[in-house]
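Engineer: Okay, here's the structure, questions in a sec.
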Amino acid sequence: MSDISFQYHPALILLILLGAGIISSILYYKNDRHKEMPKSVIRVLALLRFFTIAIIGILLLGLILKQSATEARKPIVLFALDNSSSLLYGHDTTELKAIYEDIKGMGEELSEGDYEVKTILFGDEFRPQDTIDFGDKSTDIGEVFDMAYDMYGAENLAAIVLATDGIFNEGRDPIYAAERLKVPVYSVMLGDTTTRKDLRIKKVFHNKIAYLGDKFTVQVDINAHNLAGQSTTLRISAYEGGRYNLIQSKNIDINKRDYFFTEEVVLEAKKSGVNRFLFSLSPLEGEVATANNSREIFVEVLDNRQKILILSHSPHPDIAAITHILNARQNYDIRSELIRDFKENIAEFDLVILHQLPSTKHNLATLMRQLDDMNKPVWFIIGRQTDLNRLNQLQSAVTIRSTVAKPNEVSAKISPSFSLFNLEEETKSSVSSFVPLAAPFGNYTVGAGTNVLLYQKIGQVDTEYPLLLFQNSEKGKRAVLTAEGLYKWRLYDFLLHDNDHIVSDIVQKTATYLNVKDDKRRFKAYTSKNIFDENEPLMFSAELYNESYELVNEPDAHITITNEEGREFPFVFNRRQNAYFLSPGLFPVGQYRFRAYTELNGKQLEHRGQFSIQPVQREMYDLTARHGMLERLSESYGGIAVNPGQAQEVKAAITDNKRIKPVLYETTYTSTGIDLKWLFFALILLLGLEWFLRKYHGSY
């Protein structure tokens with residue numbers, strides 16, 4: 001079906017035809033040069049010119065051609081087959097494969113008729129049907145419906161056939177996930193619904209990160225079914241020297257048929273790196289499976305707790321506010337002292353915050369010389385007690401000339417060009433409305449190599465005076481807050497938002513930036529994280545810098561991964577843009593170290609590190625099939641739920657469903673007249689024929 005339209009009003013065609021007729025008549029009937037030609041030839045020439053002008057004129061009107069094509073598309077039936085290992089606790093592998101062969105046979109019968117059949121496997125990930133091994137370590141049934149919506153939501157998806165035991169340990173509840181598809185769901189219910197004798201560690205809650213020397217709590221949830229009157233022992237072991245060593249144990253008496261118990265265990269982070277712990281329950285008589293009696297956890301222990309010293313001229317509410325904000329970060333150890341009482345070794349601290357220092361009583365000459373010599377980062381916070389002349393001598397980030405004792409009340413204005421770190425969007429939009437701080441009245445001169453985060457706003461006037469700025473000099477990183485009253489911002493933040501997230505964002509990121517030590521190594525290799533799941537592929541990145549500290553990747557970069565037994569796995573990095581990338585795939589559970597190395601301009605460069613692979617044990621801890629959920633799922637969306645031997649009933653239900661039918665899709669193709677090649681050749685033919693006749697009869 002075709003439709004013709006124009007960009008301009010079609011009535012203009014009459015004017016074009018009239019104009020074409022007038023021009024052709026004048027050219028051939030009013031021109032004395034063509035008097036010698038036969039009248040029949042003149043009529044033919046006039047018609048040829050008329051059609052040429054008319055076609056060109058109509059094309060100039062913006063001729064648009066619309067063509068429609070109708071296609072009947074078969075209804076799509078998506079078969080989703082569960083490949084997770086929990087199925088093996090209700091069936092053996094041979095039985096499961098036979099069930100799946102029956103289901104696939106049903107799909108082939110449907111595809112021979114008026115249906116288009118798609119088959120996928122799901123578990124750890126979604127993939128087209130390939131080898132079924134029931135080896136996936138987790139199950140996300142809800143993702144089946146999300147994937148179906150993304151891939152087939154715009155097509156004629158008519159039904160989903162779901163073969164699973166209904167156990168899901170990741171993602172959303174399938175009943176809610178299927179809501180936006182609104183297609184019938186036919187469930188083939190696998191697995192065993194019998195609640196058998198079983199003892200399991202249901203969950204272990206723990207921090208993923210701890211700090212060296214700290215004690216941390218681990219919560220162990222223990223569940224038992226049909227084992228009342230028996231006792232078990234909870235053993236906690238730490239992995240060291242290639243084996244697990246028992247560190248704690250506790251007897252547990254099971255006094256109910258459906259028993260649930262929570263035990264809190266206190267562990268100590270004794271060594272840096274990834275620490276591995278095993279929680280296990282002694283097996284009991286009659287258990288259907290003992291694999292879920294144990295769980296391993298991995299905790300990354302950091303040996304980089306940073307010590308921050310807050311030195312002040314006198315007590316001030318700002319100090320309490322800063323201390324509270326920084327204490328929210330577990331990797332900070334905060335110490336607050338009055339300058340007159342401070343007797344510690346300044347070298348022990350990673351960051352020094354000087355509140356209203358230097359002052360007239362404490363010029364900090366010796367202290368600042370020590371800090372400069374050690375390249376320690378320093379954060380100056382200016383207040384009424386600050387000796388500005390002495391401050392100007394101790395740092396070069398900002399010079400303040402003030403002759404008036406009374407301070408200015410200043411608000412904050414975010415600098416759009418600041419790039420040392422990123423503040424939250426809420427912070428950027430809100431901090432300018434916070435209550436004013438007290439800054440010295442005077443002239444401010446910003447030093448070389450500084451980055452201003454906040455400018456002062458006095459009343460409604462934006463100024464170029466800095467409120468918070470940073471400098472990275474040869475003496476170390478420096479920050480200067482040119483006003484006091486941060487505690488007011490914290491109180492105001494609580495008043496507006498019931499939290500102090502905005503002021504914390506500024507203070508914590510300032511401290512983080514000052515604490516970060518510049519890494520000048522010319523070759524660096526690192527994993528995307530330190531602990532991977534066993535079903536998660538490894539990811540390595542590497543960067544190589546030349547003598548000018550520019551990224552290069554001309555030479556080959558290598559990496560050797562070594563497991564606990566000393567076996568080595570060598571790889572070569574792939575190049576990507578100016579850096580290196582490698583994904584060596586999956587590795588078994590265990591602890592690994594790596595050595596990455598390359599050579600640039602005859603110099604050997606290397607980087608060493610370590611990572612761990614932790615087991616994924618989700619499929620072991622819930623072995624009772626959820627047929628009730630599958631029945632509700634199918635009932636909610638107009639399908640049926642059947643047992644494996646009734647798979648043919650699903651085929652009958654699909655073929656009997658009158659709503660599952662082909663859908664007609666109409667596609668419209670739009671083109672302009674200029675795109676029609678035959679019109680171009682028609683114009684060439686008309687003009688060529690006209691030229692030939694004129695030449696043949698002696699005209700020009």
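Identifiers in this document derive from the order of the structure tokens: chains are assigned A, B, ..., residues are numbered from 1 separately in each chain, and ligands are numbered from 1 in order of occurrence.
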At a cut-off of 8 Å, using only C-alpha atoms, what residues contact A:Ser671? Leave out same-chain residues fewer than 3 positions from it and give the result as a list in words.
Structural biologist: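 Skipping anything fewer than 3 positions along the chain leaves Ile64, Leu65, Lys66 and Asp675 of chain A.
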Engineer: For those residues, write N, CA and C atoms to a file as a CSV table (one decimal), in the first residue's frame.
Structural biologist:
```csv
chain,number,residue,atom,x,y,z
A,64,ILE,N,6.6,13.2,-1.2
A,64,ILE,CA,6.9,12.2,-0.2
A,64,ILE,C,6.1,10.9,-0.5
A,65,LEU,N,6.7,9.8,-0.5
A,65,LEU,CA,6.1,8.5,-0.8
A,65,LEU,C,6.1,7.7,0.5
A,66,LYS,N,4.9,7.2,0.9
A,66,LYS,CA,4.8,6.3,2.0
A,66,LYS,C,4.3,4.9,1.6
A,675,ASP,N,14.6,10.5,-4.1
A,675,ASP,CA,15.3,9.2,-3.8
A,675,ASP,C,14.9,8.2,-4.9
```
Engineer: Near A:Val398, counting only C-alpha atoms, which residues have an atom at most 6 Å away, once you skip same-chain residues fewer than 2 positions from it, shown as a list in words?
Structural biologist: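 The filter keeps Ser396, Thr445, Val446 and Gly447 of chain A.
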Engineer: Put those residues in a file: all heavy atoms, as a CSV table (one decimal), in the first residue's frame.
Structural biologist:
```csv
chain,number,residue,atom,x,y,z
A,396,SER,N,51.7,29.1,51.9
A,396,SER,CA,51.7,30.0,50.7
A,396,SER,C,50.4,29.8,49.9
A,396,SER,O,50.3,30.3,48.8
A,396,SER,CB,52.9,29.7,49.8
A,396,SER,OG,52.9,28.3,49.4
A,445,THR,N,44.8,37.1,49.0
A,445,THR,CA,45.5,36.8,47.7
A,445,THR,C,45.8,35.3,47.7
A,445,THR,O,46.4,34.8,48.6
A,445,THR,CB,46.9,37.6,47.7
A,445,THR,OG1,46.6,39.0,47.9
A,445,THR,CG2,47.6,37.4,46.4
A,446,VAL,N,45.4,34.7,46.6
A,446,VAL,CA,45.5,33.2,46.4
A,446,VAL,C,46.9,33.0,45.9
A,446,VAL,O,47.3,33.6,44.9
A,446,VAL,CB,44.4,32.7,45.5
A,446,VAL,CG1,44.7,31.2,45.3
A,446,VAL,CG2,43.1,32.9,46.2
A,447,GLY,N,47.6,32.0,46.4
A,447,GLY,CA,49.0,31.6,46.0
A,447,GLY,C,49.0,30.8,44.7
A,447,GLY,O,47.9,30.3,44.2
```
Engineer: Excluding A:Gly57 and residues on its chain fewer than 6 positions from it, collect all residues at most 12 Å away from it, counting only C-alpha atoms, and give them as a list of chain:residue names.
Structural biologist: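 The residues satisfying every condition are A:Phe6, A:Tyr8, A:Pro10, A:Leu12, A:Ile13, A:Leu14, A:Leu15, A:Ile16, A:Leu17, A:Leu18, A:Gly19, A:Ala20, A:Phe50, A:Phe51, A:Leu63, A:Gly673, A:Ile674, A:Leu683.
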Engineer: Could you pull the residues within 12 Å of stretch 29-44 of chain A, counting only C-alpha atoms, minus those fewer than 5 positions along the same chain, as an mmCIF file with all heavy atoms, in the first residue's frame?
Structural biologist:
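To be explicit, this is the file written out as out.cif:
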```cif
data_model
loop_
_atom_site.group_PDB
_atom_site.id
_atom_site.type_symbol
_atom_site.label_atom_id
_atom_site.label_comp_id
_atom_site.auth_asym_id
_atom_site.auth_seq_id
_atom_site.Cartn_x
_atom_site.Cartn_y
_atom_site.Cartn_z
ATOM 1 N N GLY A 21 3.188 24.230 -19.134
ATOM 2 C CA GLY A 21 2.540 24.363 -20.445
ATOM 3 C C GLY A 21 2.899 25.669 -21.121
ATOM 4 O O GLY A 21 3.165 25.719 -22.336
ATOM 5 N N ILE A 22 2.928 26.771 -20.326
ATOM 6 C CA ILE A 22 3.242 28.085 -20.908
ATOM 7 C C ILE A 22 4.674 28.106 -21.419
ATOM 8 O O ILE A 22 4.949 28.569 -22.541
ATOM 9 C CB ILE A 22 3.010 29.190 -19.852
ATOM 10 C CG1 ILE A 22 1.506 29.301 -19.552
ATOM 11 C CG2 ILE A 22 3.580 30.516 -20.310
ATOM 12 C CD1 ILE A 22 1.192 30.223 -18.387
ATOM 13 N N ILE A 23 5.607 27.621 -20.618
ATOM 14 C CA ILE A 23 7.021 27.631 -21.019
ATOM 15 C C ILE A 23 7.222 26.780 -22.259
ATOM 16 O O ILE A 23 7.925 27.177 -23.205
ATOM 17 C CB ILE A 23 7.898 27.140 -19.855
ATOM 18 C CG1 ILE A 23 7.857 28.141 -18.699
ATOM 19 C CG2 ILE A 23 9.334 26.921 -20.308
ATOM 20 C CD1 ILE A 23 8.513 27.641 -17.430
ATOM 21 N N SER A 24 6.599 25.582 -22.304
ATOM 22 C CA SER A 24 6.758 24.698 -23.470
ATOM 23 C C SER A 24 6.170 25.341 -24.721
ATOM 24 O O SER A 24 6.750 25.241 -25.820
ATOM 25 C CB SER A 24 6.076 23.354 -23.194
ATOM 26 O OG SER A 24 6.643 22.736 -22.074
ATOM 27 N N ARG A 49 9.198 18.635 -23.257
ATOM 28 C CA ARG A 49 9.634 19.700 -22.346
ATOM 29 C C ARG A 49 8.599 19.917 -21.235
ATOM 30 O O ARG A 49 8.965 20.192 -20.081
ATOM 31 C CB ARG A 49 9.854 20.990 -23.154
ATOM 32 C CG ARG A 49 10.318 22.169 -22.306
ATOM 33 C CD ARG A 49 11.610 21.859 -21.539
ATOM 34 N NE ARG A 49 12.723 21.540 -22.393
ATOM 35 C CZ ARG A 49 13.626 22.436 -22.806
ATOM 36 N NH1 ARG A 49 13.532 23.682 -22.393
ATOM 37 N NH2 ARG A 49 14.624 22.063 -23.580
ATOM 38 N N PHE A 50 7.307 19.802 -21.588
ATOM 39 C CA PHE A 50 6.251 19.963 -20.579
ATOM 40 C C PHE A 50 6.424 18.941 -19.452
ATOM 41 O O PHE A 50 6.391 19.296 -18.262
ATOM 42 C CB PHE A 50 4.880 19.793 -21.246
ATOM 43 C CG PHE A 50 3.747 19.711 -20.257
ATOM 44 C CD1 PHE A 50 3.225 20.859 -19.670
ATOM 45 C CD2 PHE A 50 3.214 18.469 -19.905
ATOM 46 C CE1 PHE A 50 2.189 20.761 -18.754
ATOM 47 C CE2 PHE A 50 2.180 18.378 -18.989
ATOM 48 C CZ PHE A 50 1.664 19.531 -18.419
ATOM 49 N N PHE A 51 6.617 17.649 -19.827
ATOM 50 C CA PHE A 51 6.766 16.616 -18.798
ATOM 51 C C PHE A 51 8.041 16.817 -17.969
ATOM 52 O O PHE A 51 8.058 16.586 -16.753
ATOM 53 C CB PHE A 51 6.764 15.228 -19.445
ATOM 54 C CG PHE A 51 5.402 14.778 -19.893
ATOM 55 C CD1 PHE A 51 5.144 14.471 -21.229
ATOM 56 C CD2 PHE A 51 4.361 14.667 -18.971
ATOM 57 C CE1 PHE A 51 3.877 14.058 -21.626
ATOM 58 C CE2 PHE A 51 3.102 14.242 -19.381
ATOM 59 C CZ PHE A 51 2.853 13.946 -20.711
ATOM 60 N N LEU A 686 13.822 11.920 -21.118
ATOM 61 C CA LEU A 686 13.021 12.987 -21.739
ATOM 62 C C LEU A 686 13.916 14.056 -22.365
ATOM 63 O O LEU A 686 13.690 14.495 -23.511
ATOM 64 C CB LEU A 686 12.103 13.611 -20.692
ATOM 65 C CG LEU A 686 10.947 12.742 -20.188
ATOM 66 C CD1 LEU A 686 10.260 13.411 -19.005
ATOM 67 C CD2 LEU A 686 9.935 12.479 -21.306
ATOM 68 N N LEU A 689 15.805 12.550 -25.426
ATOM 69 C CA LEU A 689 14.954 12.376 -26.606
ATOM 70 C C LEU A 689 14.648 13.718 -27.249
ATOM 71 O O LEU A 689 14.649 13.849 -28.493
ATOM 72 C CB LEU A 689 13.661 11.660 -26.187
ATOM 73 C CG LEU A 689 12.694 11.292 -27.313
ATOM 74 C CD1 LEU A 689 13.364 10.393 -28.348
ATOM 75 C CD2 LEU A 689 11.456 10.591 -26.740
ATOM 76 N N GLU A 690 14.416 14.730 -26.389
ATOM 77 C CA GLU A 690 14.151 16.076 -26.923
ATOM 78 C C GLU A 690 15.358 16.598 -27.695
ATOM 79 O O GLU A 690 15.229 17.149 -28.808
ATOM 80 C CB GLU A 690 13.808 17.020 -25.777
ATOM 81 C CG GLU A 690 13.493 18.441 -26.240
ATOM 82 C CD GLU A 690 13.240 19.381 -25.079
ATOM 83 O OE1 GLU A 690 13.196 18.901 -23.921
ATOM 84 O OE2 GLU A 690 13.109 20.589 -25.325
ATOM 85 N N TRP A 691 16.535 16.419 -27.143
ATOM 86 C CA TRP A 691 17.777 16.872 -27.813
ATOM 87 C C TRP A 691 17.976 16.133 -29.134
ATOM 88 O O TRP A 691 18.330 16.741 -30.155
ATOM 89 C CB TRP A 691 18.951 16.613 -26.867
ATOM 90 C CG TRP A 691 20.296 16.905 -27.493
ATOM 91 C CD1 TRP A 691 20.911 18.098 -27.599
ATOM 92 C CD2 TRP A 691 21.155 15.933 -28.099
ATOM 93 N NE1 TRP A 691 22.129 17.970 -28.220
ATOM 94 C CE2 TRP A 691 22.296 16.630 -28.542
ATOM 95 C CE3 TRP A 691 21.078 14.551 -28.299
ATOM 96 C CZ2 TRP A 691 23.354 15.988 -29.199
ATOM 97 C CZ3 TRP A 691 22.126 13.936 -28.948
ATOM 98 C CH2 TRP A 691 23.256 14.639 -29.386
ATOM 99 N N PHE A 692 17.703 14.802 -29.140
ATOM 100 C CA PHE A 692 17.914 14.018 -30.360
ATOM 101 C C PHE A 692 16.974 14.476 -31.481
ATOM 102 O O PHE A 692 17.396 14.656 -32.627
ATOM 103 C CB PHE A 692 17.681 12.533 -30.054
ATOM 104 C CG PHE A 692 17.716 11.655 -31.274
ATOM 105 C CD1 PHE A 692 18.914 11.296 -31.868
ATOM 106 C CD2 PHE A 692 16.520 11.201 -31.849
ATOM 107 C CE1 PHE A 692 18.925 10.505 -32.997
ATOM 108 C CE2 PHE A 692 16.542 10.410 -32.981
ATOM 109 C CZ PHE A 692 17.749 10.053 -33.552
ATOM 110 N N LEU A 693 15.669 14.692 -31.136
ATOM 111 C CA LEU A 693 14.711 15.108 -32.165
ATOM 112 C C LEU A 693 15.055 16.477 -32.729
ATOM 113 O O LEU A 693 14.920 16.721 -33.947
ATOM 114 C CB LEU A 693 13.297 15.114 -31.581
ATOM 115 C CG LEU A 693 12.701 13.724 -31.278
ATOM 116 C CD1 LEU A 693 11.349 13.865 -30.586
ATOM 117 C CD2 LEU A 693 12.550 12.912 -32.569
ATOM 118 N N ARG A 694 15.492 17.377 -31.845
ATOM 119 C CA ARG A 694 15.857 18.713 -32.340
ATOM 120 C C ARG A 694 17.061 18.641 -33.253
ATOM 121 O O ARG A 694 17.107 19.297 -34.312
ATOM 122 C CB ARG A 694 16.128 19.648 -31.161
ATOM 123 C CG ARG A 694 14.854 20.022 -30.407
ATOM 124 C CD ARG A 694 15.117 20.794 -29.157
ATOM 125 N NE ARG A 694 15.817 22.051 -29.402
ATOM 126 C CZ ARG A 694 16.009 22.992 -28.495
ATOM 127 N NH1 ARG A 694 15.541 22.809 -27.261
ATOM 128 N NH2 ARG A 694 16.653 24.103 -28.791
ATOM 129 N N LYS A 695 18.068 17.866 -32.913
ATOM 130 C CA LYS A 695 19.246 17.733 -33.757
ATOM 131 C C LYS A 695 18.904 17.023 -35.067
ATOM 132 O O LYS A 695 19.417 17.369 -36.148
ATOM 133 C CB LYS A 695 20.329 16.936 -33.002
ATOM 134 C CG LYS A 695 20.980 17.705 -31.859
ATOM 135 C CD LYS A 695 21.768 18.909 -32.384
ATOM 136 C CE LYS A 695 22.478 19.638 -31.242
ATOM 137 N NZ LYS A 695 23.201 20.837 -31.753
ATOM 138 N N TYR A 696 18.042 16.024 -34.972
ATOM 139 C CA TYR A 696 17.680 15.250 -36.159
ATOM 140 C C TYR A 696 16.961 16.127 -37.187
ATOM 141 O O TYR A 696 17.135 15.970 -38.405
ATOM 142 C CB TYR A 696 16.795 14.074 -35.742
ATOM 143 C CG TYR A 696 16.444 13.153 -36.892
ATOM 144 C CD1 TYR A 696 17.340 12.172 -37.321
ATOM 145 C CD2 TYR A 696 15.208 13.271 -37.544
ATOM 146 C CE1 TYR A 696 17.006 11.352 -38.368
ATOM 147 C CE2 TYR A 696 14.885 12.442 -38.592
ATOM 148 C CZ TYR A 696 15.786 11.474 -39.010
ATOM 149 O OH TYR A 696 15.460 10.652 -40.052
ATOM 150 N N HIS A 697 16.169 17.075 -36.695
ATOM 151 C CA HIS A 697 15.412 17.940 -37.608
ATOM 152 C C HIS A 697 16.086 19.282 -37.811
ATOM 153 O O HIS A 697 15.448 20.258 -38.227
ATOM 154 C CB HIS A 697 13.993 18.142 -37.064
ATOM 155 C CG HIS A 697 13.167 16.890 -37.129
ATOM 156 N ND1 HIS A 697 12.579 16.409 -38.285
ATOM 157 C CD2 HIS A 697 12.840 15.977 -36.166
ATOM 158 C CE1 HIS A 697 11.929 15.304 -38.051
ATOM 159 N NE2 HIS A 697 12.070 14.998 -36.737
ATOM 160 N N GLY A 698 17.355 19.354 -37.495
ATOM 161 C CA GLY A 698 18.142 20.517 -37.856
ATOM 162 C C GLY A 698 18.007 21.691 -36.927
ATOM 163 O O GLY A 698 18.402 22.808 -37.307
ATOM 164 N N SER A 699 17.482 21.519 -35.764
ATOM 165 C CA SER A 699 17.363 22.633 -34.827
ATOM 166 C C SER A 699 18.476 22.526 -33.788
ATOM 167 O O SER A 699 19.290 21.610 -33.807
ATOM 168 C CB SER A 699 15.981 22.599 -34.148
ATOM 169 O OG SER A 699 15.841 23.714 -33.286
ATOM 170 N N TYR A 700 18.500 23.486 -32.896
ATOM 171 C CA TYR A 700 19.523 23.466 -31.849
ATOM 172 C C TYR A 700 18.931 24.012 -30.573
ATOM 173 O O TYR A 700 17.848 24.553 -30.567
ATOM 174 C CB TYR A 700 20.752 24.285 -32.248
ATOM 175 C CG TYR A 700 20.450 25.703 -32.630
ATOM 176 C CD1 TYR A 700 20.421 26.724 -31.662
ATOM 177 C CD2 TYR A 700 20.158 26.039 -33.950
ATOM 178 C CE1 TYR A 700 20.132 28.021 -32.012
ATOM 179 C CE2 TYR A 700 19.865 27.348 -34.291
ATOM 180 C CZ TYR A 700 19.869 28.326 -33.335
ATOM 181 O OH TYR A 700 19.567 29.616 -33.659
#
```
Engineer: Which residues are near A:Lys104? Cut-off 10 Å, only C-alpha atoms, ignore same chain within fewer than 5 positions. Put them as a list in words.
Structural biologist: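 Non-adjacent residues within range: Phe79, Leu81, Ala98, Ile99, Glu109, Leu110, Val117 and Thr119 of chain A.
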Engineer: Please return, as a PyMOL selection string, all residues of stretch 573-647 of chain A that DSSP assigns to alpha helix (DSSP H) on the basis of the backbone.
Structural biologist: chain A and resi 627-636+647
Engineer: Could you pull the residues within 12 Å of stretch 496-504 of chain A, counting only C-alpha atoms, minus those fewer than 3 positions along the same chain, as an MDAnalysis selection string?
Structural biologist: chainID A and resid 318 321:329 412 423:435 485:493 507:512
Engineer: I need the chosen residues saved as a tab-separated table (two decimals), in the first residue's frame, with C-alpha atoms.
Structural biologist:
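The resulting result-v2.tsv:
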```
chain	number	residue	atom	x	y	z
A	318	ASP	CA	34.20	23.19	65.74
A	321	ALA	CA	31.97	18.67	65.13
A	322	ILE	CA	35.07	17.72	63.08
A	323	THR	CA	35.94	14.86	65.47
A	324	HIS	CA	32.41	13.41	65.25
A	325	ILE	CA	32.38	13.62	61.44
A	326	LEU	CA	35.79	11.99	61.00
A	327	ASN	CA	35.08	9.28	63.58
A	328	ALA	CA	32.29	8.06	61.30
A	329	ARG	CA	35.07	6.70	59.05
A	412	ALA	CA	29.78	29.44	50.63
A	423	LEU	CA	31.21	16.43	46.06
A	424	GLU	CA	27.72	14.92	46.11
A	425	GLU	CA	25.14	16.75	44.00
A	426	GLU	CA	23.08	17.45	47.13
A	427	THR	CA	26.10	19.13	48.70
A	428	LYS	CA	26.68	21.32	45.66
A	429	SER	CA	23.06	22.46	45.56
A	430	SER	CA	22.57	22.99	49.31
A	431	VAL	CA	25.76	24.32	50.90
A	432	SER	CA	25.29	27.83	49.50
A	433	SER	CA	22.09	28.18	51.57
A	434	PHE	CA	23.77	27.24	54.87
A	435	VAL	CA	24.19	29.73	57.72
A	485	GLY	CA	31.86	27.92	62.65
A	486	LEU	CA	31.67	24.50	61.03
A	487	TYR	CA	29.59	23.37	64.00
A	488	LYS	CA	26.86	25.80	62.84
A	489	TRP	CA	26.78	24.07	59.45
A	490	ARG	CA	26.40	20.70	61.15
A	491	LEU	CA	23.52	21.92	63.33
A	492	TYR	CA	21.84	23.54	60.32
A	493	ASP	CA	22.29	20.34	58.31
A	507	VAL	CA	34.99	17.51	55.80
A	508	GLN	CA	35.54	13.81	55.05
A	509	LYS	CA	36.56	14.35	51.43
A	510	THR	CA	38.93	17.14	52.48
A	511	ALA	CA	40.59	14.77	54.96
A	512	THR	CA	40.65	11.95	52.41
```
Engineer: Using atom CA of A:His225 and atom CA of A:Leu190 as the two end points, give the distance in Å to one decimal.
Structural biologist: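 Atom CA of A:Leu190 lies 21.2 Å from atom CA of A:His225.
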Engineer: Have a look at A:Phe573, A:Met620, A:Asp173, A:Phe260 and name the one nearest to A:Asn293; count only C-alpha atoms.
Structural biologist: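 Going through A:Phe573, A:Met620, A:Asp173, A:Phe260 one by one, the smallest distance to A:Asn293 is for A:Met620.
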Engineer: Would you list the contacts of A:Phe122 as a compact mmCIF listing (two decimals) with N, CA and C atoms, in the first residue's frame, taking every protein, DNA or RNA residue within 9 Å and counting only C-alpha atoms, but skipping same-chain residues closer than 4 positions in sequence?
Structural biologist:
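Saved to selection_32.txt:
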```txt
# COMPACT_ATOMS: atom_id res chain seq x y z
N ALA A 80 12.48 -21.17 29.77
CA ALA A 80 13.56 -20.82 30.69
C ALA A 80 13.85 -22.02 31.58
N LEU A 81 15.05 -22.58 31.44
CA LEU A 81 15.42 -23.81 32.14
C LEU A 81 16.43 -23.48 33.24
N ASP A 82 16.14 -23.92 34.44
CA ASP A 82 17.00 -23.69 35.61
C ASP A 82 18.23 -24.60 35.52
N ASN A 83 19.42 -23.98 35.64
CA ASN A 83 20.67 -24.74 35.58
C ASN A 83 21.42 -24.69 36.91
N SER A 84 20.73 -24.38 38.02
CA SER A 84 21.38 -24.22 39.31
C SER A 84 21.57 -25.57 40.01
N PHE A 126 22.43 -15.55 32.37
CA PHE A 126 21.47 -15.98 31.35
C PHE A 126 22.21 -16.17 30.04
N ARG A 127 21.93 -17.26 29.40
CA ARG A 127 22.64 -17.57 28.17
C ARG A 127 21.75 -18.44 27.30
N PRO A 128 22.01 -18.44 26.01
CA PRO A 128 21.25 -19.34 25.13
C PRO A 128 21.51 -20.78 25.54
N ASP A 136 25.44 -24.08 38.23
CA ASP A 136 25.37 -22.66 38.62
C ASP A 136 25.23 -22.54 40.13
N THR A 139 20.75 -18.50 41.95
CA THR A 139 19.55 -18.49 41.10
C THR A 139 18.82 -17.16 41.28
N ASP A 140 18.53 -16.53 40.15
CA ASP A 140 17.75 -15.28 40.15
C ASP A 140 16.61 -15.47 39.15
N ILE A 141 15.47 -15.97 39.65
CA ILE A 141 14.33 -16.22 38.77
C ILE A 141 13.73 -14.91 38.29
N GLU A 143 15.15 -12.30 37.37
CA GLU A 143 15.89 -11.77 36.23
C GLU A 143 15.42 -12.39 34.92
N VAL A 144 14.81 -13.59 34.98
CA VAL A 144 14.26 -14.19 33.76
C VAL A 144 13.23 -13.25 33.14
```
Engineer: Can you work out which one of A:Ile222, A:Val480, A:Ala579, A:Leu87 has the shortest atom-to-atom distance to A:Glu554, counting only C-alpha atoms?
Structural biologist: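 Closest to A:Glu554 of all the choices is A:Ala579.
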Engineer: Going by DSSP on the backbone, which residues of stretch 390-588 of chain A come out as strand (DSSP E or B)? List them as a VMD selection string.
Structural biologist: chain A and resid 398 to 401 408 to 414 437 to 439 443 to 446 450 to 458 461 to 473 476 to 481 484 523 to 527 531 to 533 538 to 545 551 to 552 557 to 562 568 to 572 574 to 576 579 to 585
